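A short write-up of the structure that comes next.
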Amino acid sequence: MKNWFKKGFARIKPIWQRYQITRWLIVLFLTLFFIISALGTFNAKTTDVSDLKARLRDSTIIYDHENKKAGSIAGQKGTYVGYDQISSNVTNAIIATEDRNFYKEYGFSIKGTLRGALTTVYYRLKGSHASAGGSTITQQLVKNAFLTQDQTISRKIKELFLSVQVEKEYSKNDIITMYMNNAYFGRGAWGVQDAAEKYFGIDAKDLNVEQGAMLAGMLQSPNGYDPISQPEAALNRRNQVLQNLVNNHKLSQSDADAIAKTPIGASDHERIDNSYRYPSYFDAVINEAIGKYHLKENKLLNDGYRIYTSLNQDDQTNLQNNFENPNLNPVGGDSQAASIVMDAKTGGVRAVVGGRGEHVFRGFNRATQMYRSPGSTIKPLVDYAPALSRGFSVDSKLKNQVSSFGTNGYEPHNALDVQTKPVPMYQALENSYNIPAVWLLDQIGTKVGFKSAEDAGLPVEKSDDNLSLAIGGMKKGVSPLQMTQAYTSFANDGKMSKGHFITKIEDASGKVIVDTKPEQKRLWSSKVTKEMTSMMLGVYTDGTGVSANPYGFKVAGKTGTTEVSGEDSSATNATDSWAIAYTPDVVVTTWMGYDKTDASHTLPIYLSQTAGPLMKQTLEQVLPNTPNTPFNVKSVREQMAEKQAAKERQAAQSQNANDVSDGITDKIRKGTQDTIDSFNRGAKKAWSDLIGNF
């Protein structure tokens, strides 16, 4: 073998020397080194590490409409504590185990990096995807804060150069503090303070040697060395860390041996975190930040943003309490509900609850993500307002007897199959009759109603361009958020306000990255808006919304139900119950139903037996918390009553005038007669006296 190697080298030596391959290899290596250094340096210089401490220290905070702190989003972040608030017992244990030369190296260890690289190459040659360590504490911090967990050469190069940059920016104590606050210790405990509370029920500054050693040992494998589920493995690992402390001259051998004989001493302490106190609202904020403003979830949860919103904490607290009140859920069982409160002028969501039951982080929010048939709540948007815009009036007579409409013979029915002679438009709306609504859409054309729905931001599809749209027939359906937004057009003089949660976002350094302004779009003229409101005021005083009419307040709006289809259908059951109410200040929407409907999961058709109690309570809590701006129009019934009263007053005045005139005439007639009678008596007397003289 040796002779073969010598012969082979002798053959290529002339070629090697002739073409100076050694020099070319050196040049190639230096060029590669230069390119890597240049790219690594560029990446490090263009990555802002100056706000790293703020990002790791500060949770993302959510503020309400008054810029008051409403809560925070912790993400992979616990309670941040300073260097002097962490026991040296845990600091020493971590350094002795994770990076013994931490205070001597400058961000990276050449020896450790080479050892890790060579070992990783060895694993790859064997066909294994395992990786070796070698990263310093600074490199681990950089990897967790800026990079992915991918085991690639490019990631390792970035990690090395960023570590140097971080070492330039921060002191060693700052770096170890950030590392300990950013480390994961299992069971949802991020950071050394939360870990101390979780496993020992104490603060990080009070950790003793054995406790600090146990926590330091967990960093390599939080689940594998979990003291609750893996007590023996955790004990062995703790004792290994104790020996590391001895080797690093931070603990005597005798003390280590004595401590090694003690039990692990950890238990599961419950930690109460009230920072995420408005879960449905905070979920919606996160979803909007990610979906609308394209922030990454991981950065949003961990980089210390400040998010300003339109949240009203009083409304939100009341709404959450209402959803936990069984008296406001007459359906009971596993029925669901969703409510949303929106500022009519700005479109800012004041409060939202997306369902009943235990909250799941960024789980299904029925107020913003659920799509259901809107039922009769769509009628003002696709039937009545467009009709008023095209010459109909609030007292136009509408057909209300079963008929077939359109080329396909669509035949709608009213609830309980009620039929009457033609009814005024306002009565048809108050009583939520279906036949007049379909007749009206047939008169103005389905394309008119379809376009109105599109303009109102409802997710209609081409297949929805038919007469069933008049009473809520849609392929996809709508969300409570979308319906609430659409109804702001009636509350806001015909202008629809764009619904939103976020008003401004700042990063950890205070830089404004999102700054929103209210958006509005005109849907109706002021005249049409007043006429619609005059009709919808009657819904809660004389129509289908009476059971949800708030005591002491005046609201306009619409209710709606969705009929059960198929063999489970009857005249008295429904799948969805809606109630939407508004004032010039606010729009409130409540939905109730089941996530899945079958024969045993349907709703009564009456609002009082479904969403009514929740809606009434919500309105009576929200409205006192608004400016209580009065409506600029009275209901149709009030206007008619005033006209009737005026007619009666006019008639009475005319009658009084006639009575006065007749009285005067009688008096004149009587006075004249009395005068004549008196004259006659006087004449007779004079004549008698005269005759008597004779």
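Please note that chains go A, B, ... in the order of the structure tokens, that every chain numbers its residues from 1, and that ligands are numbered from 1 in the order shown.
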So which residues touch Ser339 (chain A) within 7 Å, counting only C-alpha atoms, skipping near sequence neighbours fewer than 6 positions away, as a VMD selection string?
chain A and resid 352 to 354 367 589 to 591
Please write the residues from the selection above to a file, keeping C-alpha atoms, as a PDB file, in the first residue's frame.
```pdb
ATOM      1  CA  VAL A 352     -65.177  40.726  20.372  1.00  0.00           C
ATOM      2  CA  VAL A 353     -65.814  37.211  21.657  1.00  0.00           C
ATOM      3  CA  GLY A 354     -65.471  34.362  19.200  1.00  0.00           C
ATOM      4  CA  ALA A 367     -66.832  36.491  15.090  1.00  0.00           C
ATOM      5  CA  THR A 589     -73.808  42.062  16.238  1.00  0.00           C
ATOM      6  CA  THR A 590     -74.636  38.796  17.983  1.00  0.00           C
ATOM      7  CA  TRP A 591     -74.858  35.373  16.354  1.00  0.00           C
TER       8      TRP A 591
END
```
Interface rows for region 566-604 of chain A against region 538-545 of chain A: nearest pair, Å to one decimal, 12 Å, only C-alpha atoms, as JSON lines:
```
{"residue": "A:Ser577", "atom": "CA", "partner": "A:Gly545", "partner_atom": "CA", "distance": 11.4}
{"residue": "A:Trp578", "atom": "CA", "partner": "A:Gly545", "partner_atom": "CA", "distance": 10.0}
{"residue": "A:Ala579", "atom": "CA", "partner": "A:Gly545", "partner_atom": "CA", "distance": 7.5}
{"residue": "A:Ile580", "atom": "CA", "partner": "A:Gly545", "partner_atom": "CA", "distance": 9.2}
{"residue": "A:Ala581", "atom": "CA", "partner": "A:Tyr540", "partner_atom": "CA", "distance": 8.5}
{"residue": "A:Tyr582", "atom": "CA", "partner": "A:Tyr540", "partner_atom": "CA", "distance": 10.7}
```
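With only C-alpha atoms as the atoms that count, the residue of A:Leu614, A:Asp395, A:Lys495, A:Leu619 with the shortest distance to Pro550 (chain A) is A:Leu619.
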Give me, please, the distance in Å between CA of Trp524 (chain A) and CA of Val382 (chain A), quoted to one decimal.
11.8 Å
Please extract the residues of region 458-574 of chain A with a backbone DSSP assignment of strand (DSSP E or B) and present them as a ChimeraX atom specification.
/A:478,495-497,500,502-506,512-515,520-522,556-563,573-574
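Put simply, CA of Met474 (chain A) is 27.0 Å away from CA of Lys397 (chain A).
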Near region 294-306 of chain A, within 9 Å and counting only C-alpha atoms, which residues show up once chain neighbours fewer than 3 positions away are dropped, as a PDB file with N, CA and C atoms, in the first residue's frame?
```pdb
ATOM      1  N   LEU A  52     -31.459  44.060  20.377  1.00  0.00           N
ATOM      2  CA  LEU A  52     -31.623  42.664  20.798  1.00  0.00           C
ATOM      3  C   LEU A  52     -32.088  42.565  22.247  1.00  0.00           C
ATOM      4  N   ALA A  54     -33.711  44.742  24.041  1.00  0.00           N
ATOM      5  CA  ALA A  54     -35.097  45.199  24.175  1.00  0.00           C
ATOM      6  C   ALA A  54     -36.065  44.149  23.639  1.00  0.00           C
ATOM      7  N   ARG A  55     -35.689  43.517  22.529  1.00  0.00           N
ATOM      8  CA  ARG A  55     -36.547  42.489  21.945  1.00  0.00           C
ATOM      9  C   ARG A  55     -36.716  41.299  22.879  1.00  0.00           C
ATOM     10  N   LEU A  56     -35.643  40.902  23.523  1.00  0.00           N
ATOM     11  CA  LEU A  56     -35.707  39.754  24.420  1.00  0.00           C
ATOM     12  C   LEU A  56     -36.328  40.111  25.766  1.00  0.00           C
ATOM     13  N   ARG A  57     -36.145  41.344  26.165  1.00  0.00           N
ATOM     14  CA  ARG A  57     -36.643  41.773  27.476  1.00  0.00           C
ATOM     15  C   ARG A  57     -38.129  42.091  27.435  1.00  0.00           C
ATOM     16  N   ASP A  58     -38.552  42.793  26.384  1.00  0.00           N
ATOM     17  CA  ASP A  58     -39.915  43.310  26.341  1.00  0.00           C
ATOM     18  C   ASP A  58     -40.857  42.336  25.652  1.00  0.00           C
ATOM     19  N   SER A  59     -41.981  42.067  26.284  1.00  0.00           N
ATOM     20  CA  SER A  59     -43.038  41.303  25.628  1.00  0.00           C
ATOM     21  C   SER A  59     -43.762  42.225  24.654  1.00  0.00           C
ATOM     22  N   THR A  60     -44.426  41.635  23.687  1.00  0.00           N
ATOM     23  CA  THR A  60     -45.265  42.429  22.801  1.00  0.00           C
ATOM     24  C   THR A  60     -46.481  42.878  23.603  1.00  0.00           C
ATOM     25  N   ILE A  61     -46.655  44.191  23.694  1.00  0.00           N
ATOM     26  CA  ILE A  61     -47.712  44.762  24.530  1.00  0.00           C
ATOM     27  C   ILE A  61     -48.852  45.265  23.649  1.00  0.00           C
ATOM     28  N   ILE A  62     -50.072  45.007  24.091  1.00  0.00           N
ATOM     29  CA  ILE A  62     -51.260  45.481  23.385  1.00  0.00           C
ATOM     30  C   ILE A  62     -51.910  46.592  24.208  1.00  0.00           C
ATOM     31  N   TYR A  63     -52.198  47.703  23.530  1.00  0.00           N
ATOM     32  CA  TYR A  63     -52.807  48.861  24.185  1.00  0.00           C
ATOM     33  C   TYR A  63     -54.237  49.055  23.686  1.00  0.00           C
ATOM     34  N   ILE A  73     -48.408  39.725  24.899  1.00  0.00           N
ATOM     35  CA  ILE A  73     -48.284  38.434  24.227  1.00  0.00           C
ATOM     36  C   ILE A  73     -46.889  37.917  24.530  1.00  0.00           C
ATOM     37  N   ALA A  74     -46.806  36.888  25.341  1.00  0.00           N
ATOM     38  CA  ALA A  74     -45.503  36.416  25.802  1.00  0.00           C
ATOM     39  C   ALA A  74     -44.773  35.610  24.741  1.00  0.00           C
ATOM     40  N   GLY A  75     -45.478  34.736  24.025  1.00  0.00           N
ATOM     41  CA  GLY A  75     -44.822  33.870  23.063  1.00  0.00           C
ATOM     42  C   GLY A  75     -43.789  32.996  23.747  1.00  0.00           C
ATOM     43  N   GLN A  76     -42.609  32.881  23.134  1.00  0.00           N
ATOM     44  CA  GLN A  76     -41.522  32.099  23.716  1.00  0.00           C
ATOM     45  C   GLN A  76     -40.692  33.018  24.608  1.00  0.00           C
ATOM     46  N   LYS A  77     -41.347  33.541  25.598  1.00  0.00           N
ATOM     47  CA  LYS A  77     -40.696  34.538  26.433  1.00  0.00           C
ATOM     48  C   LYS A  77     -41.322  34.512  27.816  1.00  0.00           C
ATOM     49  N   ALA A 145     -32.159  33.971  18.567  1.00  0.00           N
ATOM     50  CA  ALA A 145     -32.739  35.301  18.387  1.00  0.00           C
ATOM     51  C   ALA A 145     -32.869  35.705  16.921  1.00  0.00           C
ATOM     52  N   ILE A 286     -53.480  39.534  16.559  1.00  0.00           N
ATOM     53  CA  ILE A 286     -52.359  38.781  15.989  1.00  0.00           C
ATOM     54  C   ILE A 286     -52.665  38.389  14.545  1.00  0.00           C
ATOM     55  N   ASN A 287     -53.872  37.897  14.309  1.00  0.00           N
ATOM     56  CA  ASN A 287     -54.255  37.490  12.955  1.00  0.00           C
ATOM     57  C   ASN A 287     -54.212  38.665  11.984  1.00  0.00           C
ATOM     58  N   GLU A 288     -54.643  39.839  12.432  1.00  0.00           N
ATOM     59  CA  GLU A 288     -54.616  41.014  11.565  1.00  0.00           C
ATOM     60  C   GLU A 288     -53.181  41.465  11.300  1.00  0.00           C
ATOM     61  N   ALA A 289     -52.341  41.421  12.321  1.00  0.00           N
ATOM     62  CA  ALA A 289     -50.945  41.817  12.149  1.00  0.00           C
ATOM     63  C   ALA A 289     -50.234  40.903  11.158  1.00  0.00           C
ATOM     64  N   ILE A 290     -50.566  39.607  11.211  1.00  0.00           N
ATOM     65  CA  ILE A 290     -49.930  38.640  10.315  1.00  0.00           C
ATOM     66  C   ILE A 290     -50.554  38.697   8.926  1.00  0.00           C
ATOM     67  N   GLY A 291     -51.882  38.661   8.864  1.00  0.00           N
ATOM     68  CA  GLY A 291     -52.568  38.588   7.581  1.00  0.00           C
ATOM     69  C   GLY A 291     -52.587  39.887   6.801  1.00  0.00           C
ATOM     70  N   LYS A 504     -52.037  51.163  15.317  1.00  0.00           N
ATOM     71  CA  LYS A 504     -50.610  51.485  15.138  1.00  0.00           C
ATOM     72  C   LYS A 504     -49.756  50.361  15.706  1.00  0.00           C
ATOM     73  N   ILE A 505     -48.591  50.129  15.088  1.00  0.00           N
ATOM     74  CA  ILE A 505     -47.629  49.158  15.601  1.00  0.00           C
ATOM     75  C   ILE A 505     -46.245  49.800  15.635  1.00  0.00           C
ATOM     76  N   GLU A 506     -45.560  49.637  16.764  1.00  0.00           N
ATOM     77  CA  GLU A 506     -44.178  50.089  16.906  1.00  0.00           C
ATOM     78  C   GLU A 506     -43.308  48.872  17.214  1.00  0.00           C
ATOM     79  N   ASP A 507     -42.063  48.885  16.712  1.00  0.00           N
ATOM     80  CA  ASP A 507     -41.156  47.798  17.069  1.00  0.00           C
ATOM     81  C   ASP A 507     -40.496  48.094  18.409  1.00  0.00           C
ATOM     82  N   ALA A 508     -39.580  47.225  18.829  1.00  0.00           N
ATOM     83  CA  ALA A 508     -38.984  47.351  20.162  1.00  0.00           C
ATOM     84  C   ALA A 508     -38.191  48.639  20.331  1.00  0.00           C
ATOM     85  N   SER A 509     -37.718  49.207  19.225  1.00  0.00           N
ATOM     86  CA  SER A 509     -36.935  50.450  19.307  1.00  0.00           C
ATOM     87  C   SER A 509     -37.818  51.688  19.286  1.00  0.00           C
ATOM     88  N   GLY A 510     -39.134  51.501  19.100  1.00  0.00           N
ATOM     89  CA  GLY A 510     -40.051  52.633  19.050  1.00  0.00           C
ATOM     90  C   GLY A 510     -40.368  53.107  17.645  1.00  0.00           C
TER      91      GLY A 510
END
```
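Checking A:Ala284, A:Ile264, A:Val394, A:Val564 one by one against Gln639 (chain A), counting only C-alpha atoms, you find the shortest gap at A:Val394.
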Test item: residues at most 9 Å from Thr488 (chain A), only C-alpha atoms, excluding those fewer than 3 positions along its chain, as number ranges by chain
A: 342-345, 347, 483-485, 491-498, 582, 584, 586-587
Between A:Asn434, A:Phe361, A:Ser335, A:Gln401, which is the closest to Thr420 (chain A) once you count only C-alpha atoms?
A:Gln401
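Across the structure, CA of Thr561 (chain A) and CA of Pro374 (chain A) are spaced 7.5 Å apart.
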Within 8 Å of Ala456 (chain A), counting only C-alpha atoms, which residues show up once you throw out same-chain ones fewer than 6 positions away? Write them as a PyMOL selection string, please.
chain A and resi 381+486+496+523
Expected answer as an mmCIF file with N, CA and C atoms, in the first residue's frame: helix (DSSP H, G or I) residues in region 242-328 of chain A:
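Output below, filename states33.cif:
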```cif
data_model
loop_
_atom_site.group_PDB
_atom_site.id
_atom_site.type_symbol
_atom_site.label_atom_id
_atom_site.label_comp_id
_atom_site.auth_asym_id
_atom_site.auth_seq_id
_atom_site.Cartn_x
_atom_site.Cartn_y
_atom_site.Cartn_z
ATOM 1 N N LEU A 242 -22.988 19.370 38.736
ATOM 2 C CA LEU A 242 -22.241 19.646 39.968
ATOM 3 C C LEU A 242 -20.753 19.358 39.766
ATOM 4 N N GLN A 243 -20.454 18.275 39.059
ATOM 5 C CA GLN A 243 -19.056 17.940 38.784
ATOM 6 C C GLN A 243 -18.430 18.957 37.835
ATOM 7 N N ASN A 244 -19.237 19.472 36.898
ATOM 8 C CA ASN A 244 -18.744 20.540 36.016
ATOM 9 C C ASN A 244 -18.348 21.766 36.828
ATOM 10 N N LEU A 245 -19.131 22.075 37.854
ATOM 11 C CA LEU A 245 -18.806 23.209 38.730
ATOM 12 C C LEU A 245 -17.492 22.968 39.468
ATOM 13 N N VAL A 246 -17.279 21.740 39.876
ATOM 14 C CA VAL A 246 -16.015 21.392 40.539
ATOM 15 C C VAL A 246 -14.853 21.595 39.574
ATOM 16 N N ASN A 247 -15.021 21.103 38.339
ATOM 17 C CA ASN A 247 -13.961 21.217 37.336
ATOM 18 C C ASN A 247 -13.682 22.668 36.948
ATOM 19 N N GLN A 253 -15.166 19.591 45.772
ATOM 20 C CA GLN A 253 -15.581 18.210 45.529
ATOM 21 C C GLN A 253 -16.417 17.676 46.683
ATOM 22 N N SER A 254 -16.048 18.056 47.897
ATOM 23 C CA SER A 254 -16.790 17.567 49.065
ATOM 24 C C SER A 254 -18.221 18.091 49.069
ATOM 25 N N ASP A 255 -18.385 19.373 48.701
ATOM 26 C CA ASP A 255 -19.739 19.933 48.629
ATOM 27 C C ASP A 255 -20.544 19.264 47.511
ATOM 28 N N ALA A 256 -19.903 19.027 46.388
ATOM 29 C CA ALA A 256 -20.585 18.371 45.273
ATOM 30 C C ALA A 256 -21.040 16.976 45.663
ATOM 31 N N ASP A 257 -20.179 16.253 46.370
ATOM 32 C CA ASP A 257 -20.530 14.890 46.785
ATOM 33 C C ASP A 257 -21.697 14.908 47.769
ATOM 34 N N ALA A 258 -21.683 15.890 48.658
ATOM 35 C CA ALA A 258 -22.762 15.984 49.652
ATOM 36 C C ALA A 258 -24.098 16.317 48.984
ATOM 37 N N ILE A 259 -24.053 17.267 48.056
ATOM 38 C CA ILE A 259 -25.287 17.670 47.372
ATOM 39 C C ILE A 259 -25.816 16.541 46.506
ATOM 40 N N ALA A 260 -24.921 15.776 45.899
ATOM 41 C CA ALA A 260 -25.324 14.682 45.008
ATOM 42 C C ALA A 260 -26.181 13.645 45.720
ATOM 43 N N PRO A 279 -58.595 37.016 25.296
ATOM 44 C CA PRO A 279 -58.088 36.064 24.298
ATOM 45 C C PRO A 279 -58.666 36.223 22.898
ATOM 46 N N SER A 280 -59.982 36.382 22.768
ATOM 47 C CA SER A 280 -60.564 36.512 21.421
ATOM 48 C C SER A 280 -60.055 37.772 20.733
ATOM 49 N N TYR A 281 -59.965 38.848 21.489
ATOM 50 C CA TYR A 281 -59.518 40.109 20.905
ATOM 51 C C TYR A 281 -58.041 40.029 20.535
ATOM 52 N N PHE A 282 -57.220 39.502 21.440
ATOM 53 C CA PHE A 282 -55.783 39.419 21.169
ATOM 54 C C PHE A 282 -55.497 38.481 20.003
ATOM 55 N N ASP A 283 -56.251 37.374 19.913
ATOM 56 C CA ASP A 283 -56.105 36.481 18.762
ATOM 57 C C ASP A 283 -56.367 37.232 17.462
ATOM 58 N N ALA A 284 -57.438 38.027 17.458
ATOM 59 C CA ALA A 284 -57.804 38.777 16.255
ATOM 60 C C ALA A 284 -56.737 39.808 15.905
ATOM 61 N N VAL A 285 -56.132 40.408 16.915
ATOM 62 C CA VAL A 285 -55.048 41.374 16.688
ATOM 63 C C VAL A 285 -53.854 40.685 16.033
ATOM 64 N N ILE A 286 -53.480 39.534 16.559
ATOM 65 C CA ILE A 286 -52.359 38.781 15.989
ATOM 66 C C ILE A 286 -52.665 38.389 14.545
ATOM 67 N N ASN A 287 -53.872 37.897 14.309
ATOM 68 C CA ASN A 287 -54.255 37.490 12.955
ATOM 69 C C ASN A 287 -54.212 38.665 11.984
ATOM 70 N N GLU A 288 -54.643 39.839 12.432
ATOM 71 C CA GLU A 288 -54.616 41.014 11.565
ATOM 72 C C GLU A 288 -53.181 41.465 11.300
ATOM 73 N N ALA A 289 -52.341 41.421 12.321
ATOM 74 C CA ALA A 289 -50.945 41.817 12.149
ATOM 75 C C ALA A 289 -50.234 40.903 11.158
ATOM 76 N N ILE A 290 -50.566 39.607 11.211
ATOM 77 C CA ILE A 290 -49.930 38.640 10.315
ATOM 78 C C ILE A 290 -50.554 38.697 8.926
ATOM 79 N N GLY A 291 -51.882 38.661 8.864
ATOM 80 C CA GLY A 291 -52.568 38.588 7.581
ATOM 81 C C GLY A 291 -52.587 39.887 6.801
ATOM 82 N N GLU A 297 -45.270 35.458 12.727
ATOM 83 C CA GLU A 297 -45.798 35.135 14.050
ATOM 84 C C GLU A 297 -44.689 35.071 15.098
ATOM 85 N N ASN A 298 -43.579 34.419 14.763
ATOM 86 C CA ASN A 298 -42.508 34.259 15.736
ATOM 87 C C ASN A 298 -41.946 35.608 16.183
ATOM 88 N N LYS A 299 -41.758 36.516 15.226
ATOM 89 C CA LYS A 299 -41.251 37.847 15.569
ATOM 90 C C LYS A 299 -42.298 38.627 16.351
ATOM 91 N N LEU A 300 -43.544 38.486 15.942
ATOM 92 C CA LEU A 300 -44.619 39.210 16.612
ATOM 93 C C LEU A 300 -44.735 38.802 18.076
ATOM 94 N N LEU A 301 -44.564 37.520 18.346
ATOM 95 C CA LEU A 301 -44.720 37.022 19.704
ATOM 96 C C LEU A 301 -43.506 37.285 20.581
ATOM 97 N N ASN A 302 -42.350 37.486 19.968
ATOM 98 C CA ASN A 302 -41.124 37.498 20.767
ATOM 99 C C ASN A 302 -40.267 38.752 20.663
ATOM 100 N N GLN A 313 -61.775 48.276 26.999
ATOM 101 C CA GLN A 313 -61.629 47.211 27.999
ATOM 102 C C GLN A 313 -62.912 46.966 28.790
ATOM 103 N N ASP A 314 -63.704 48.006 29.012
ATOM 104 C CA ASP A 314 -64.976 47.810 29.719
ATOM 105 C C ASP A 314 -65.925 46.954 28.890
ATOM 106 N N ASP A 315 -66.051 47.285 27.614
ATOM 107 C CA ASP A 315 -66.928 46.504 26.735
ATOM 108 C C ASP A 315 -66.447 45.059 26.636
ATOM 109 N N GLN A 316 -65.142 44.886 26.509
ATOM 110 C CA GLN A 316 -64.596 43.540 26.346
ATOM 111 C C GLN A 316 -64.810 42.695 27.602
ATOM 112 N N THR A 317 -64.571 43.285 28.748
ATOM 113 C CA THR A 317 -64.761 42.567 30.014
ATOM 114 C C THR A 317 -66.216 42.161 30.189
ATOM 115 N N ASN A 318 -67.133 43.098 29.912
ATOM 116 C CA ASN A 318 -68.563 42.789 30.036
ATOM 117 C C ASN A 318 -68.978 41.682 29.076
ATOM 118 N N LEU A 319 -68.468 41.765 27.855
ATOM 119 C CA LEU A 319 -68.836 40.771 26.848
ATOM 120 C C LEU A 319 -68.347 39.382 27.252
ATOM 121 N N GLN A 320 -67.121 39.299 27.743
ATOM 122 C CA GLN A 320 -66.595 38.008 28.189
ATOM 123 C C GLN A 320 -67.403 37.446 29.348
ATOM 124 N N ASN A 321 -67.791 38.309 30.279
ATOM 125 C CA ASN A 321 -68.617 37.864 31.409
ATOM 126 C C ASN A 321 -69.987 37.388 30.938
ATOM 127 N N ASN A 322 -70.540 38.069 29.942
ATOM 128 C CA ASN A 322 -71.846 37.670 29.409
ATOM 129 C C ASN A 322 -71.802 36.262 28.816
ATOM 130 N N PHE A 323 -70.704 35.953 28.133
ATOM 131 C CA PHE A 323 -70.591 34.638 27.502
ATOM 132 C C PHE A 323 -70.429 33.527 28.536
ATOM 133 N N PRO A 326 -74.704 31.573 32.131
ATOM 134 C CA PRO A 326 -75.637 30.603 31.531
ATOM 135 C C PRO A 326 -77.045 31.150 31.357
ATOM 136 N N ASN A 327 -77.408 32.169 32.124
ATOM 137 C CA ASN A 327 -78.738 32.746 32.009
ATOM 138 C C ASN A 327 -78.945 33.485 30.690
ATOM 139 N N LEU A 328 -77.834 33.806 30.025
ATOM 140 C CA LEU A 328 -77.919 34.506 28.745
ATOM 141 C C LEU A 328 -77.802 33.547 27.570
#
```
